[in-house]
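Asks: Structure in structure tokens, see below.
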Amino acid sequence: MVRIEEVNNIRRATIDTPHGQINTPTFMPDATYGTVQEVSMQDLRDVGINEFVTTTLHIEQAIGSEYLKEYGSMHKFTGWDRPILTDSGGFQVYSLIHRNSSKHNQITEAGCSFIDYKTGNYNFLSPERSQYIQHLIGSDIRVVLDEPLIEDDSISKIRQSVERTTRWAQRSKKAFLEFNQLSEADFNNPEIKRPLLCAVIQGASSFEYRKISAEGLIDIGFDIYGFGGMPLRGKYSWKEDGKAGSFYHELTSYVAELIPKDKIRYALGVGNPDNLKFAIESGWDLFDTVLPTRNARHGYLYVNSGEGDASYDNFDVMHIKSERYKFDERQIDTKLVNPAYPKLSRAYLRHLIRMKSGSGTRVATMHNLQFYTQFLNGLLNRSPIPA
RNA sequence: GCAGGGAUGGCAGAGCGGUCAAAUGCUCCAGACUGUAAAUCUGGCGUCGCGAGACUACGGGGGUUCGAGUCCCUCUCCCUGCA
């Protein structure tokens with residue numbers, strides 16, 4: 001089901017899923033409500049996207065897994081015949097609880113309970129419920145419900161998060177096997193075609209607890225191990241501290257080493273192109289982030305070095321709404337191969353984004369995704385043009 | 001012609017003697033966003049200055065007052081009734 005090779009010191013994995021192969025390293029955009037906002041499934045194919053991530057919680061709220069089951073599947077519904085990964089909803093619950101903590105929003109051993117702020121409805125998401133929804137969605141890769149811990153927190157909180165995540169992972173796997181009518185032996189039989197299951201390593205900024213978390217999950221046995229709970233703020237923020245030799249780099253490298261070589265490594269929520277480059281070099285295979293899509297909507301474009309107005313190690317940023325592009329007749333990124341819109345000027349895209357035009361956000365989103373795919377292909381010395 | 005109402009920063013619109021370089025919204029300028037509850041959020045936005053600060057400002061002109069978008073007179077323009 002998984003084959004690993006190494007080319008120029010970079011891992012490359014081939015993963016067989018019910019809907020075709022995934023070739024890593026690869027970046028998966030986030031299709032939160034069953035859509036990568038602003039673009040169509042055909043657009044995704046056109047810019048070289050092969051798989052995407054969608055979120056259990058949002059699908060359940062916006063579409064309904066029972067509806068998808070009745071309709072057929074997420075693949076049939078969307079017309080996407082390639083791999084789909086469903087996130088468990090753990091991060092979404094975490095995110096919403098931290099934005100709006102109330103006595104109704106809480107996480108207990110049983111699961112996550114919270115009030116939907118739009119409908120006022122009470123929601124409950126347990127490890128089993130998350131697996132069930134993902135089962136009805138019919139995704140190719142499923143993630144176990146976990147309890148993220150992004151901020152640097154006390155050791156007791158870290159311990160609780162790690163231990164609960166491990167217990168939930170155990171419950172999730174049990175539910176996964178039941179829903180798919182598989183035995184543990186079946187799970188370990190590479191001849192049997194089935195969706196893949198991913199557990200998420202927690203432990204915040206603690207090397208010790210990252211190791212404990214990884215070992216606990218590896219004991220249970222999964223196809224994919226994720227790195228969860230990136231520190232976005234605080235002392236060990238990997239946003240501020242993302243350079244070679246930094247704490248964040250040491251931590252993610254360390255965790256990658258804890259995962260068996262023949263298992264897939266998924267860095268959840270990573271990252272900008274610099275982050276991706278480092279994570280790939282330190283052995284991670286799968287990535288997803290909202291950056292290229294959300295930023296595109298805000299007129300923040302990823303472009304090749306020398307093309308934008310702000311420079312990072314391996315890329316530039318173009319703030320396309322800026323006055324500086326008012327009379328710029330060039331295409332968005334003159335170094336991009338086969339751009340989706342070669343005749344569209346920066347000046348006009350600036351106008352479209354400023355007017356909040358759907359055509360503008362679509363072009364910007366396609367551009368950013370295309371930049372990401374070409375950036376990865378460049379790192380791997382693959383052809384920049386997808387097959 | 002008579003009576004009444006009104007003129008405030010790019011626009012809309014607060015302000016009813018001092019705490020007004022002037023609320024608020026929009027526009028505009030800059031920025032942020034990392035398993036998306038984000039078409040969201042954060043700054044800036046009279047002029048000069050990095051800054052403290054200085055200067056010029058609430059239709060024009062003239063008064064009252066220690067002090068005036070704020071009160072009085074007058075002019076210009078706009079709106080509403082009556083002729």
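Each chain in the structure tokens gets a letter, A, B, ..., in the order shown, and its residues are numbered from 1; ligands are numbered from 1 in order too.
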Please extract the residues of range 182-327 of chain A with a backbone DSSP assignment of strand (DSSP E) and present them as a list of chain:residue names.
Replies: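 Selection result, strand (DSSP E) within range 182-327 of chain A: A:Leu196, A:Leu197, A:Cys198, A:Ala199, A:Val200, A:Ile201, A:Ile224, A:Tyr225, A:Gly226, A:Phe227, A:Ile264, A:Arg265, A:Tyr266, A:Ala267, A:Leu268, A:Leu286, A:Phe287, A:Asp288, A:Thr289, A:Tyr300, A:Leu301, A:Tyr302, A:Val303, A:Ala310, A:Ser311, A:Asp316, A:Val317, A:Met318, A:His319.
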Asks: Specify as a PyMOL selection string all residues of chain A found within 8 Å of chain B, counting only C-alpha atoms (C1' of nucleotides).
Replies: chain A and resi 30+32+87+91-92+96+117+228+232+268-272+288-291+294-295+297-298+356
Asks: CA of Asn188 in chain A and CA of Asp16 in chain A are how many Å apart?
Replies: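 CA of Asp16 in chain A lies 14.3 Å from CA of Asn188 in chain A.
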Asks: Show me, as an MDAnalysis selection string, the residues that have an atom within 12 Å of C82 in chain B when counting only C-alpha atoms (C1' of nucleotides), minus same-chain residues fewer than 3 positions from it.
Replies: chainID B and resid 1:4
Asks: Excluding range 309-314 of chain A and residues on its chain fewer than 2 positions from it, collect all residues at most 12 Å away from it, counting only C-alpha atoms (C1' of nucleotides), and give them as a compact mmCIF listing (two decimals) with C-alpha atoms (C1' of nucleotides), in the first residue's frame.
Replies:
```
# COMPACT_ATOMS: atom_id res chain seq x y z
CA GLY A 242 11.42 29.01 11.53
CA LYS A 243 15.08 29.13 10.55
CA ALA A 244 17.54 26.30 10.22
CA ASN A 272 4.57 28.54 3.70
CA PRO A 273 7.08 27.55 0.99
CA ASP A 274 10.05 27.98 3.33
CA ASN A 275 8.35 25.80 5.94
CA LEU A 276 7.54 23.19 3.30
CA LYS A 277 11.08 23.05 2.03
CA PHE A 278 12.47 22.47 5.47
CA TYR A 300 -1.45 37.96 -1.01
CA LEU A 301 0.24 36.05 -3.78
CA TYR A 302 3.14 33.63 -3.63
CA VAL A 303 5.58 34.26 -6.45
CA ASN A 304 9.08 33.28 -7.46
CA SER A 305 12.01 35.14 -5.94
CA GLY A 306 12.51 38.49 -7.58
CA GLU A 307 8.90 38.82 -8.69
CA ASP A 316 8.50 36.33 -2.75
CA VAL A 317 5.15 37.77 -1.77
CA MET A 318 3.17 40.06 -4.00
CA HIS A 319 0.59 42.27 -2.27
CA ILE A 320 -1.40 42.58 -5.44
CA LYS A 321 -3.82 45.17 -4.03
CA SER A 322 -0.96 47.59 -3.53
CA GLU A 323 -0.80 50.81 -5.48
CA ARG A 324 2.59 49.71 -6.75
CA TYR A 325 0.88 47.40 -9.26
CA ASP A 333 4.68 35.74 -12.02
CA PHE A 371 2.93 28.25 -7.39
CA TYR A 372 2.83 25.67 -4.61
CA PHE A 375 7.56 25.01 -6.00
CA LEU A 376 7.40 21.39 -4.82
CA GLY A 378 11.19 22.37 -8.34
CA LEU A 379 12.45 21.01 -5.04
C1' G B 31 0.04 45.08 6.83
```
Asks: Residues at most 7 Å from range 10-22 of chain B, counting only C-alpha atoms (C1' of nucleotides), excluding those fewer than 5 positions away in the same chain, as a list in words?
Replies: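 Selected residues are G67, A68 and U70 of chain B.
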Asks: Export, as an mmCIF file, in the first residue's frame, the selected residues with N, CA, C and O atoms (P, O5', C5', C4', C3', O3' and C1' of nucleotides).
Replies:
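Below is the file result-v7.cif, written as the result:
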```cif
data_model
loop_
_atom_site.group_PDB
_atom_site.id
_atom_site.type_symbol
_atom_site.label_atom_id
_atom_site.label_comp_id
_atom_site.auth_asym_id
_atom_site.auth_seq_id
_atom_site.Cartn_x
_atom_site.Cartn_y
_atom_site.Cartn_z
ATOM 1 P P G B 67 -11.010 85.905 23.889
ATOM 2 O "O5'" G B 67 -11.192 84.333 23.788
ATOM 3 C "C5'" G B 67 -10.079 83.529 23.415
ATOM 4 C "C4'" G B 67 -10.461 82.069 23.458
ATOM 5 C "C3'" G B 67 -11.632 81.680 22.569
ATOM 6 O "O3'" G B 67 -11.192 81.423 21.245
ATOM 7 C "C1'" G B 67 -11.915 80.739 24.725
ATOM 8 P P A B 68 -12.252 81.744 20.087
ATOM 9 O "O5'" A B 68 -13.366 80.613 20.254
ATOM 10 C "C5'" A B 68 -13.070 79.237 20.037
ATOM 11 C "C4'" A B 68 -14.177 78.660 19.184
ATOM 12 C "C3'" A B 68 -14.139 79.183 17.754
ATOM 13 O "O3'" A B 68 -14.289 78.158 16.811
ATOM 14 C "C1'" A B 68 -16.226 79.730 18.782
ATOM 15 P P U B 70 -18.859 78.515 14.927
ATOM 16 O "O5'" U B 70 -20.063 77.497 15.059
ATOM 17 C "C5'" U B 70 -21.241 77.852 15.730
ATOM 18 C "C4'" U B 70 -21.677 76.741 16.658
ATOM 19 C "C3'" U B 70 -22.293 77.253 17.960
ATOM 20 O "O3'" U B 70 -23.659 76.861 18.009
ATOM 21 C "C1'" U B 70 -20.670 75.531 18.349
#
```
Asks: So that I can check the surroundings of Ile137 in chain A, please list as a tab-separated table (two decimals) with N, CA, C and O atoms, in the first residue's frame every protein, DNA and RNA residue that reaches within 8 Å of it, counting only C-alpha atoms (C1' of nucleotides) and ignoring chain neighbours fewer than 4 positions away.
Replies:
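selection32.tsv written:
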```
chain	number	residue	atom	x	y	z
A	65	SER	N	-23.26	14.25	6.63
A	65	SER	CA	-22.68	12.99	6.16
A	65	SER	C	-23.77	12.01	5.74
A	65	SER	O	-23.58	11.22	4.81
A	68	LEU	N	-24.58	12.78	2.25
A	68	LEU	CA	-23.55	12.29	1.32
A	68	LEU	C	-23.67	10.78	1.13
A	68	LEU	O	-23.51	10.27	0.02
A	69	LYS	N	-23.97	10.11	2.22
A	69	LYS	CA	-24.14	8.65	2.16
A	69	LYS	C	-25.31	8.32	1.21
A	69	LYS	O	-25.20	7.44	0.35
A	73	SER	N	-21.40	9.43	-2.32
A	73	SER	CA	-20.14	9.66	-1.63
A	73	SER	C	-19.71	11.09	-1.90
A	73	SER	O	-20.26	11.77	-2.76
A	74	MET	N	-18.73	11.50	-1.17
A	74	MET	CA	-18.12	12.81	-1.40
A	74	MET	C	-17.53	12.88	-2.81
A	74	MET	O	-17.65	13.89	-3.49
A	133	ILE	N	-18.59	9.72	10.63
A	133	ILE	CA	-18.83	10.75	9.62
A	133	ILE	C	-17.84	10.59	8.46
A	133	ILE	O	-18.22	10.65	7.28
```
Asks: Would you give me, as a VMD selection string, the residues in range 269-304 of chain A that DSSP reads as helix (DSSP H, G or I)?
Replies: chain A and resid 273 to 281 291 to 297
Asks: Given the selection you just returned, output its residues as a file containing C-alpha atoms, formatted as a PDB file, in the first residue's frame.
Replies:
```pdb
ATOM      1  CA  PRO A 273       7.080  27.552   0.992  1.00  0.00           C
ATOM      2  CA  ASP A 274      10.053  27.980   3.325  1.00  0.00           C
ATOM      3  CA  ASN A 275       8.353  25.802   5.940  1.00  0.00           C
ATOM      4  CA  LEU A 276       7.541  23.188   3.301  1.00  0.00           C
ATOM      5  CA  LYS A 277      11.082  23.049   2.027  1.00  0.00           C
ATOM      6  CA  PHE A 278      12.471  22.473   5.468  1.00  0.00           C
ATOM      7  CA  ALA A 279       9.794  19.956   6.433  1.00  0.00           C
ATOM      8  CA  ILE A 280      10.402  17.955   3.260  1.00  0.00           C
ATOM      9  CA  GLU A 281      14.149  17.940   3.878  1.00  0.00           C
ATOM     10  CA  LEU A 291      -2.251  29.780   3.368  1.00  0.00           C
ATOM     11  CA  PRO A 292      -2.297  29.731  -0.431  1.00  0.00           C
ATOM     12  CA  THR A 293      -6.088  29.776  -0.634  1.00  0.00           C
ATOM     13  CA  ARG A 294      -6.980  32.187   2.143  1.00  0.00           C
ATOM     14  CA  ASN A 295      -4.142  34.517   1.308  1.00  0.00           C
ATOM     15  CA  ALA A 296      -5.117  34.500  -2.345  1.00  0.00           C
ATOM     16  CA  ARG A 297      -8.518  35.878  -1.401  1.00  0.00           C
TER      17      ARG A 297
END
```
Asks: Need the shell around Lys118 in chain A: protein/DNA/RNA residues with any atom at most 12 Å away, counting only C-alpha atoms (C1' of nucleotides). Skip same-chain ones fewer than 3 positions apart. Format as a PyMOL selection string?
Replies: (chain A and resi 61-62+114-115+121-123) or (chain B and resi 37)
Asks: Provide the C1' of U76 in chain B to C1' of G5 in chain B distance in Å, to one decimal place.
Replies: 16.6 Å
